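Structure file protein_7.cif with mmCIF, C-alpha atoms:
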```
data_work
loop_
_atom_site.label_atom_id
_atom_site.label_comp_id
_atom_site.auth_asym_id
_atom_site.auth_seq_id
_atom_site.Cartn_x
_atom_site.Cartn_y
_atom_site.Cartn_z
CA MET A 137 49.23 48.17 -50.21
CA ASN A 138 51.62 45.29 -50.83
CA ARG A 139 49.75 42.11 -51.62
CA PRO A 140 51.26 39.27 -49.56
CA VAL A 141 52.96 36.44 -51.41
CA ASP A 142 50.85 33.25 -51.23
CA ALA A 143 52.15 31.78 -48.00
CA SER A 144 50.86 28.30 -48.82
CA VAL A 145 54.20 27.75 -50.52
CA LEU A 146 55.79 28.35 -47.12
CA LYS A 147 53.72 25.69 -45.39
CA PRO A 148 55.81 23.91 -42.72
CA ALA A 149 56.53 20.22 -42.71
CA GLU A 150 53.58 18.00 -41.82
CA LYS A 151 55.15 16.82 -38.57
CA ALA A 152 55.33 19.79 -36.25
CA PRO A 153 58.16 20.20 -33.74
CA PRO A 154 57.11 19.85 -30.11
CA SER A 155 56.76 23.58 -29.54
CA ALA A 156 57.00 26.91 -31.27
CA CYS A 157 60.18 27.65 -29.33
CA GLU A 158 61.71 24.51 -30.84
CA GLY A 159 60.54 25.59 -34.28
CA CYS A 160 62.18 28.99 -33.94
CA ARG A 161 65.33 27.56 -32.37
CA THR A 162 65.93 25.09 -35.20
CA ALA A 163 64.87 27.46 -38.00
CA LYS A 164 67.44 28.40 -40.62
CA PRO A 165 68.90 31.93 -40.35
CA LEU A 166 67.33 34.59 -42.52
CA PRO A 167 69.34 35.39 -45.67
CA MET A 168 68.79 39.13 -45.30
CA ALA A 169 68.29 41.93 -42.77
CA ILE A 170 64.77 43.33 -42.61
CA THR A 171 63.07 46.50 -41.49
CA MET A 172 59.51 47.85 -41.62
CA ALA A 173 57.54 50.49 -43.48
CA PHE A 174 54.36 51.91 -41.97
CA GLN A 175 51.06 52.81 -43.63
CA PRO A 176 48.17 54.40 -41.72
CA ILE A 177 44.59 53.20 -41.31
CA VAL A 178 42.37 56.24 -40.70
CA ASN A 179 38.83 56.78 -39.48
CA ILE A 180 37.49 59.07 -42.21
CA GLN A 181 34.49 60.13 -40.09
CA THR A 182 36.50 61.37 -37.11
CA GLY A 183 39.84 62.06 -38.82
CA ARG A 184 41.62 60.02 -36.14
CA LEU A 185 44.33 57.47 -36.76
CA PHE A 186 43.18 53.94 -36.02
CA ALA A 187 46.38 52.03 -36.73
CA TYR A 188 49.59 51.83 -38.69
CA GLU A 189 50.23 48.61 -40.57
CA ALA A 190 53.83 47.35 -40.51
CA LEU A 191 55.01 46.16 -43.95
CA VAL A 192 58.25 44.22 -44.29
CA ARG A 193 61.09 45.76 -46.30
CA GLY A 194 64.75 45.03 -46.87
CA VAL A 195 67.26 47.40 -45.32
CA ALA A 196 68.46 48.25 -48.84
CA GLY A 197 64.92 49.11 -49.92
CA GLU A 198 63.84 45.68 -51.16
CA SER A 199 60.08 45.20 -51.48
CA ALA A 200 57.96 42.80 -49.44
CA GLY A 201 57.72 40.48 -52.45
CA ALA A 202 61.49 40.43 -52.87
CA ILE A 203 61.93 39.54 -49.19
CA LEU A 204 59.24 36.85 -49.13
CA SER A 205 60.62 35.22 -52.27
CA GLN A 206 63.78 34.40 -50.29
CA ILE A 207 61.99 32.75 -47.35
CA ASP A 208 61.89 28.98 -47.56
CA PRO A 209 59.87 26.63 -45.30
CA ASP A 210 62.77 26.17 -42.87
CA MET A 211 62.86 29.91 -42.15
CA ILE A 212 59.21 30.81 -41.57
CA TYR A 213 59.25 30.53 -37.76
CA ARG A 214 62.24 32.82 -37.40
CA PHE A 215 60.93 35.14 -40.11
CA ASP A 216 57.51 35.50 -38.43
CA GLN A 217 59.08 36.24 -35.03
CA THR A 218 61.69 38.61 -36.48
CA CYS A 219 59.01 40.64 -38.29
CA ARG A 220 56.89 40.96 -35.14
CA VAL A 221 59.77 42.04 -32.93
CA LYS A 222 61.16 44.51 -35.48
CA ALA A 223 57.74 46.13 -35.95
CA ILE A 224 57.21 46.50 -32.20
CA GLU A 225 60.71 47.87 -31.60
CA LEU A 226 60.25 50.52 -34.29
CA ALA A 227 56.74 51.38 -33.07
CA GLY A 228 58.09 51.92 -29.56
CA GLY A 229 60.24 54.76 -30.88
CA LEU A 230 57.86 56.19 -33.48
CA PHE A 231 54.32 55.96 -32.12
CA PRO A 232 52.91 58.65 -29.81
CA ARG A 233 52.78 57.41 -26.23
CA ASP A 234 49.62 59.31 -25.30
CA ASP A 235 47.06 57.72 -27.67
CA ASP A 236 45.72 54.30 -28.56
CA THR A 237 46.82 54.06 -32.20
CA ARG A 238 47.31 50.38 -32.94
CA LEU A 239 50.25 48.62 -34.55
CA SER A 240 48.98 46.14 -37.14
CA ILE A 241 51.25 43.15 -37.77
CA ASN A 242 50.77 40.49 -40.42
CA PHE A 243 51.37 36.92 -39.32
CA MET A 244 51.33 33.46 -40.84
CA PRO A 245 48.99 31.12 -38.95
CA ASN A 246 50.87 28.15 -40.40
CA ALA A 247 54.05 29.45 -38.71
CA VAL A 248 52.50 29.37 -35.22
CA TYR A 249 52.55 26.03 -33.41
CA GLU A 250 51.85 27.15 -29.83
CA PRO A 251 50.23 30.60 -29.56
CA GLU A 252 51.35 31.30 -26.00
CA ALA A 253 54.94 30.35 -26.78
CA CYS A 254 55.02 32.28 -30.06
CA ILE A 255 53.72 35.47 -28.45
CA ARG A 256 56.42 35.61 -25.77
CA ALA A 257 58.94 37.43 -27.94
CA SER A 258 56.31 40.01 -28.90
CA LEU A 259 55.37 40.64 -25.27
CA ALA A 260 59.03 40.90 -24.32
CA ALA A 261 59.67 43.41 -27.11
CA SER A 262 56.62 45.44 -26.03
CA ALA A 263 57.91 45.57 -22.46
CA ARG A 264 61.42 46.47 -23.59
CA VAL A 265 60.33 49.53 -25.61
CA GLY A 266 57.35 50.55 -23.47
CA PHE A 267 54.69 49.79 -26.09
CA SER A 268 51.41 48.58 -24.63
CA PRO A 269 50.59 45.08 -25.95
CA ARG A 270 46.92 46.08 -25.97
CA ARG A 271 47.77 48.30 -28.95
CA LEU A 272 48.79 45.24 -31.00
CA MET A 273 46.61 44.14 -33.90
CA PHE A 274 47.34 40.91 -35.77
CA GLU A 275 46.23 40.34 -39.36
CA PHE A 276 46.17 36.97 -41.08
CA THR A 277 45.56 36.88 -44.79
CA GLU A 278 42.77 34.97 -46.48
CA ASN A 279 45.30 34.28 -49.23
CA GLU A 280 47.02 31.75 -46.96
CA ARG A 281 45.39 28.34 -47.12
CA MET A 282 44.34 27.33 -43.61
CA THR A 283 45.71 23.83 -43.12
CA ASP A 284 44.14 23.48 -39.67
CA THR A 285 41.16 25.72 -38.87
CA ALA A 286 40.98 24.44 -35.29
CA HIS A 287 44.55 25.57 -34.78
CA VAL A 288 43.77 29.05 -36.17
CA LEU A 289 40.79 29.22 -33.78
CA LYS A 290 43.19 28.48 -30.92
CA ILE A 291 45.49 31.28 -32.07
CA ILE A 292 42.63 33.79 -32.30
CA ALA A 293 41.30 32.81 -28.86
CA SER A 294 44.75 33.20 -27.33
CA TYR A 295 45.31 36.60 -28.94
CA LYS A 296 41.90 37.86 -27.84
CA ALA A 297 42.64 36.69 -24.29
CA HIS A 298 45.73 38.94 -24.35
CA GLY A 299 43.59 41.87 -25.49
CA PHE A 300 45.01 41.94 -29.02
CA THR A 301 42.85 43.07 -31.95
CA THR A 302 42.44 40.44 -34.70
CA ALA A 303 41.72 40.93 -38.39
CA ILE A 304 41.34 39.02 -41.64
CA ASP A 305 43.36 40.69 -44.39
CA ASP A 306 42.44 40.62 -48.11
CA PHE A 307 38.89 39.46 -47.37
CA GLY A 308 37.13 38.41 -50.54
CA SER A 309 40.22 37.24 -52.41
CA GLY A 310 41.21 33.91 -50.96
CA TYR A 311 40.36 30.38 -50.04
CA SER A 312 37.69 30.42 -47.36
CA GLY A 313 35.66 33.63 -47.54
CA LEU A 314 32.51 33.54 -45.47
CA ASN A 315 33.59 30.33 -43.73
CA LEU A 316 36.34 32.30 -41.98
CA LEU A 317 33.80 34.81 -40.68
CA ALA A 318 31.56 32.04 -39.41
CA GLU A 319 34.32 30.16 -37.61
CA LEU A 320 36.77 32.84 -36.49
CA THR A 321 34.69 36.03 -35.94
CA PRO A 322 37.66 38.44 -35.92
CA ASP A 323 37.36 42.02 -34.71
CA LEU A 324 37.88 43.40 -38.22
CA VAL A 325 38.00 42.40 -41.86
CA LYS A 326 40.03 44.27 -44.47
CA LEU A 327 38.20 44.19 -47.78
CA ASP A 328 40.49 43.18 -50.62
CA MET A 329 41.69 46.04 -52.79
CA ASP A 330 40.69 44.25 -56.00
CA LEU A 331 37.10 44.16 -54.77
CA LEU A 332 37.23 47.91 -54.14
CA ARG A 333 39.12 48.98 -57.27
CA GLY A 334 36.82 51.18 -59.33
CA ILE A 335 33.89 50.58 -56.97
CA ASP A 336 32.55 54.07 -57.66
CA SER A 337 31.70 53.02 -61.24
CA SER A 338 30.62 49.42 -60.59
CA PHE A 339 27.08 48.72 -59.37
CA ALA A 340 27.93 45.05 -58.83
CA ARG A 341 30.91 45.84 -56.57
CA GLN A 342 28.83 48.35 -54.64
CA ARG A 343 26.10 45.79 -53.91
CA ILE A 344 28.60 43.09 -52.95
CA VAL A 345 30.43 45.40 -50.55
CA ALA A 346 27.17 46.81 -49.15
CA ASN A 347 26.06 43.29 -48.23
CA ILE A 348 29.46 42.38 -46.74
CA VAL A 349 29.30 45.53 -44.58
CA LYS A 350 25.77 44.69 -43.46
CA LEU A 351 26.70 41.10 -42.62
CA CYS A 352 29.81 42.15 -40.70
CA SER A 353 27.83 44.74 -38.77
CA GLU A 354 25.34 42.08 -37.69
CA LEU A 355 28.26 39.92 -36.50
CA GLY A 356 29.90 42.79 -34.62
CA ILE A 357 32.83 42.93 -37.07
CA THR A 358 34.24 46.23 -38.38
CA CYS A 359 35.22 46.63 -42.04
CA ILE A 360 38.36 48.33 -43.32
CA ALA A 361 38.62 49.43 -46.96
CA GLU A 362 42.20 48.82 -48.10
CA GLY A 363 43.97 49.95 -51.22
CA ILE A 364 41.90 53.13 -51.70
CA GLU A 365 43.54 55.23 -54.40
CA THR A 366 40.92 57.65 -55.77
CA ALA A 367 38.48 60.19 -54.40
CA GLY A 368 35.67 58.31 -56.12
CA GLU A 369 36.55 55.08 -54.31
CA LEU A 370 36.81 56.95 -51.01
CA GLY A 371 33.43 58.64 -51.43
CA THR A 372 31.75 55.37 -52.34
CA VAL A 373 33.06 53.33 -49.42
CA ARG A 374 32.11 56.19 -47.09
CA ALA A 375 28.57 56.14 -48.52
CA LEU A 376 28.46 52.37 -47.96
CA GLY A 377 29.14 52.88 -44.27
CA ILE A 378 32.85 52.07 -44.07
CA GLU A 379 34.73 54.40 -41.74
CA LEU A 380 38.21 52.83 -41.60
CA VAL A 381 40.29 53.35 -44.74
CA GLN A 382 43.82 52.55 -45.88
CA GLY A 383 45.52 53.27 -49.20
CA TYR A 384 47.75 55.54 -51.22
CA LEU A 385 45.08 58.25 -51.32
CA ILE A 386 45.51 58.53 -47.56
CA ALA A 387 49.27 57.96 -47.41
CA ALA A 388 51.93 55.77 -48.99
CA PRO A 389 54.03 53.52 -46.73
CA GLN A 390 57.30 54.98 -45.50
CA THR A 391 60.20 52.96 -44.21
CA GLU A 392 60.99 53.44 -40.52
CA ARG A 393 58.79 56.57 -40.50
CA LEU A 394 55.15 57.42 -39.84
CA PRO A 395 53.86 59.14 -43.01
CA GLU A 396 51.77 62.28 -42.90
CA VAL A 397 48.08 61.58 -43.45
CA ALA A 398 45.89 63.31 -46.04
CA ILE A 399 42.11 62.92 -45.73
#
```
Can you give me the file's structure in the form of structure tokens?
Amino acid sequence: MNRPVDASVLKPAEKAPPSACEGCRTAKPLPMAITMAFQPIVNIQTGRLFAYEALVRGVAGESAGAILSQIDPDMIYRFDQTCRVKAIELAGGLFPRDDDTRLSINFMPNAVYEPEACIRASLAASARVGFSPRRLMFEFTENERMTDTAHVLKIIASYKAHGFTTAIDDFGSGYSGLNLLAELTPDLVKLDMDLLRGIDSSFARQRIVANIVKLCSELGITCIAEGIETAGELGTVRALGIELVQGYLIAAPQTERLPEVAI
């Protein structure tokens, strides 16, 4: 997994433009061309693919960190929209048409002013390539400081109304923790890889994760274990009741390709 760069440094100006369309229209051009790599999220109980996460890359092989380091605050609207559209266009050509495997897209809540306006380009891209928008899953990272929780609530409500799946990424690593669960109640949370690293040999990590899984279950939220790299970690999260798993043990990301999955 590629840990997102702290997007708080990309926070837009305090005075928002009148609409997201205006924000994208006046945004500075991106300094580079981008593409996407894909990494699977697998249900280890059924062996079925749940989703592929789209991870930004440069067309010359630059990492996500290298790309994000070049994005300044005047580019974030265009960058967010460009990433979404590129991921959907690639998924339209790569994903099987006869199943419900989701496309997971990371987004910056602070780059969305008007949810309905910001989603238009995604819906248009989905229609253009024949990719059902109900297969879209949007992740927002807990590492990004939420400058306006009410606004994020509006985004989540809008996305759910469209039938999109919503998720908190890197849960347990960032600013708000349990407050995000209480206020946003996403469909899924992705447990931070640092919380899961070496969990098979850490009683403390096992108890923390067990209680997060129990709490999420009571709230109707599904947990994903991300960053799984060893058989010991995999066996432990399975024993703790987590069925959805992502990480290099399953498959490494591949640029503009769907990697083969090993369970």
- Item | Shell of 12 Å around Asp234 of chain A, only C-alpha atoms, local chain residues under 3 positions omitted, as a list in words |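 Once the adjacent positions are removed, what remains is Phe231, Thr237, Arg238, Gly266, Phe267, Ser268 and Arg271 of chain A.
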- Write out as a list in words each polymer residue whose atoms come within 6 Å of Met273 of chain A, counting only C-alpha atoms; drop sequence neighbours fewer than 6 positions from it.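 Close residues of Met273 of chain A: Leu239, Ser240, Phe300, Thr301 and Thr302 of chain A.
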- Query: Pick the closest to Ala173 of chain A from A:Pro322, A:Gly194, A:Gly229, A:Gly201: which is it, counting all atoms listed in the file?
  - Reply: A:Gly194
- Query: Pick the closest to Asp306 of chain A from A:Leu226, A:Ile335, A:Leu327, A:Ile255: which is it, counting only C-alpha atoms?
  - Reply: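 Checking each of A:Leu226, A:Ile335, A:Leu327, A:Ile255 against Asp306 of chain A, counting only C-alpha atoms, the winner is A:Leu327.
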- Item | Evaluate the PyMOL selection byres ((chain A and resi 379) around 12) and report residues as a PyMOL selection string | chain A and resi 177-186+324+326+349+358-362+370-378+380-382+399
- Query: Within 7 Å of segment 215-225 of chain A, counting only C-alpha atoms, which residues qualify if same-chain residues fewer than 4 places away don't, as a ChimeraX atom specification?
  - Reply: /A:166,171-172,190,211,229,241,243-244,247,257-258,261-262,265
- Find the residue from A:Ala318, A:Ala263, A:Ile304, A:Val345 that sits nearest to Leu331 of chain A; use all atoms listed in the file when measuring.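 Closest to Leu331 of chain A of all the choices is A:Val345.
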- Task: Check the smallest atom-to-atom distance from each of A:Pro209, A:Pro245, A:Gly363, A:Gly383 to Glu275 of chain A using all atoms listed in the file, then report the winner.
- Result: A:Pro245
- Message: Neighbouring residues of Thr285 of chain A were defined as those with any atom within 10 Å, considering all atoms listed in the file; residues of the same chain fewer than 3 positions away were excluded. Please report them as JSON, numbers by chain.
- Response: {"A": [245, 281, 282, 288, 289, 290, 291, 316, 319, 320]}
Applying the PyMOL selection byres ((chain A and resi 168) around 10) to the file I just gave you, which residues come out? Please list them as a PDB file with C-alpha atoms, in the frame of the given file.
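File selection.pdb, as written:
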```pdb
ATOM      1  CA  PRO A 165      68.900  31.930 -40.350  1.00  0.00           C
ATOM      2  CA  LEU A 166      67.330  34.590 -42.520  1.00  0.00           C
ATOM      3  CA  PRO A 167      69.340  35.390 -45.670  1.00  0.00           C
ATOM      4  CA  ALA A 169      68.290  41.930 -42.770  1.00  0.00           C
ATOM      5  CA  ILE A 170      64.770  43.330 -42.610  1.00  0.00           C
ATOM      6  CA  GLY A 194      64.750  45.030 -46.870  1.00  0.00           C
ATOM      7  CA  VAL A 195      67.260  47.400 -45.320  1.00  0.00           C
ATOM      8  CA  ALA A 196      68.460  48.250 -48.840  1.00  0.00           C
ATOM      9  CA  ILE A 203      61.930  39.540 -49.190  1.00  0.00           C
ATOM     10  CA  GLN A 206      63.780  34.400 -50.290  1.00  0.00           C
ATOM     11  CA  ILE A 207      61.990  32.750 -47.350  1.00  0.00           C
TER      12      ILE A 207
END
```
Just add N, CA and C atoms to segment 289-314 of chain A and send it as a tab-separated table (two decimals), in the coordinates of the input.
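Saved result, part34.tsv, follows:
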```
chain	number	residue	atom	x	y	z
A	289	LEU	N	41.73	28.83	-34.84
A	289	LEU	CA	40.79	29.22	-33.78
A	289	LEU	C	41.51	29.35	-32.45
A	290	LYS	N	42.43	28.43	-32.17
A	290	LYS	CA	43.19	28.48	-30.92
A	290	LYS	C	44.07	29.73	-30.87
A	291	ILE	N	44.66	30.07	-32.01
A	291	ILE	CA	45.49	31.28	-32.07
A	291	ILE	C	44.64	32.52	-31.78
A	292	ILE	N	43.50	32.63	-32.46
A	292	ILE	CA	42.63	33.79	-32.30
A	292	ILE	C	42.16	33.90	-30.85
A	293	ALA	N	41.77	32.79	-30.25
A	293	ALA	CA	41.30	32.81	-28.86
A	293	ALA	C	42.41	33.27	-27.93
A	294	SER	N	43.62	32.81	-28.16
A	294	SER	CA	44.75	33.20	-27.33
A	294	SER	C	45.04	34.70	-27.47
A	295	TYR	N	45.02	35.19	-28.71
A	295	TYR	CA	45.31	36.60	-28.94
A	295	TYR	C	44.23	37.50	-28.32
A	296	LYS	N	42.97	37.08	-28.45
A	296	LYS	CA	41.90	37.86	-27.84
A	296	LYS	C	42.03	37.87	-26.32
A	297	ALA	N	42.46	36.76	-25.74
A	297	ALA	CA	42.64	36.69	-24.29
A	297	ALA	C	43.71	37.68	-23.82
A	298	HIS	N	44.69	37.96	-24.68
A	298	HIS	CA	45.73	38.94	-24.35
A	298	HIS	C	45.27	40.37	-24.61
A	299	GLY	N	44.08	40.54	-25.18
A	299	GLY	CA	43.59	41.87	-25.49
A	299	GLY	C	44.01	42.39	-26.84
A	300	PHE	N	44.61	41.53	-27.69
A	300	PHE	CA	45.01	41.94	-29.02
A	300	PHE	C	43.78	42.06	-29.93
A	301	THR	N	43.87	42.98	-30.91
A	301	THR	CA	42.85	43.07	-31.95
A	301	THR	C	43.21	42.07	-33.05
A	302	THR	N	42.19	41.41	-33.64
A	302	THR	CA	42.44	40.44	-34.70
A	302	THR	C	41.70	40.85	-35.96
A	303	ALA	N	42.30	40.53	-37.11
A	303	ALA	CA	41.72	40.93	-38.39
A	303	ALA	C	42.02	39.91	-39.47
A	304	ILE	N	41.09	39.76	-40.41
A	304	ILE	CA	41.34	39.02	-41.64
A	304	ILE	C	41.73	40.02	-42.70
A	305	ASP	N	42.88	39.82	-43.32
A	305	ASP	CA	43.36	40.69	-44.39
A	305	ASP	C	42.90	40.14	-45.74
A	306	ASP	N	42.79	41.01	-46.74
A	306	ASP	CA	42.44	40.62	-48.11
A	306	ASP	C	41.14	39.83	-48.18
A	307	PHE	N	40.15	40.21	-47.38
A	307	PHE	CA	38.89	39.46	-47.37
A	307	PHE	C	38.21	39.57	-48.73
A	308	GLY	N	37.78	38.43	-49.25
A	308	GLY	CA	37.13	38.41	-50.54
A	308	GLY	C	38.03	37.98	-51.67
A	309	SER	N	39.27	37.59	-51.35
A	309	SER	CA	40.22	37.24	-52.41
A	309	SER	C	40.71	35.81	-52.33
A	310	GLY	N	40.48	35.13	-51.20
A	310	GLY	CA	41.21	33.91	-50.96
A	310	GLY	C	40.42	32.63	-50.94
A	311	TYR	N	40.79	31.76	-50.02
A	311	TYR	CA	40.36	30.38	-50.04
A	311	TYR	C	39.03	30.13	-49.33
A	312	SER	N	38.76	30.86	-48.25
A	312	SER	CA	37.69	30.42	-47.36
A	312	SER	C	36.52	31.38	-47.27
A	313	GLY	N	36.74	32.67	-47.51
A	313	GLY	CA	35.66	33.63	-47.54
A	313	GLY	C	34.78	33.63	-46.31
A	314	LEU	N	33.49	33.44	-46.54
A	314	LEU	CA	32.51	33.54	-45.47
A	314	LEU	C	32.72	32.49	-44.40
```
